[in-house]
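All remarks here apply to the structure that follows.
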Amino acid sequence: MIELEDAVMEIIVNAGQSRSLCFEALHAARTGNIDEARLLLNEADGYARRAHQMQTQLIGQDAGDAQDHLMNSLLAREFSEELIHLYQR
């Protein structure tokens, strides 16, 4: 079984990477590169999935900080999707 500290760090790293990619996608969309933006969001999804999978292994344990990072990355993903739709118009 994975150590709590290692699991929490994995969530933070993957969620943070997902969040960063979402904001890269926004920048790409802002400059008119919608295809690149969508590719970046797809890559962000992979990191968010890895973070979420690790988070599910921690249910019942104190992983509040890691949970916060995960939730922020998921929100950034949704927000990015909406803004990309606006830029696309």
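Simple scheme: letters A, B, ... for chains in structure tokens order, numbers from 1 for residues in each chain, numbers from 1 for ligands in the order shown.
For Arg30 (chain A), the set of protein, DNA and RNA residues having any atom at most 9 Å away, when counting only C-alpha atoms and skipping those fewer than 6 positions along the same chain, is Leu83, Ile84, Tyr87 and Gln88 of chain A.
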- request: Extract, using only C-alpha atoms, all DNA, RNA and protein residues at most 6 Å from region 44-56 of chain A, discarding same-chain residues fewer than 6 positions from it, and format them as a ChimeraX atom specification.
  value: /A:11,14-15,18,21
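The two atoms in question, CA of Glu81 (chain A) and CA of Glu36 (chain A), are spaced 12.7 Å apart.
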- request: Using only C-alpha atoms, find the one residue out of A:Leu41, A:Leu58, A:Ala66, A:Met71 that sits nearest to Ser20 (chain A).
  value: A:Leu41
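CA of Glu78 (chain A) is positioned 12.0 Å from CA of Asn42 (chain A).
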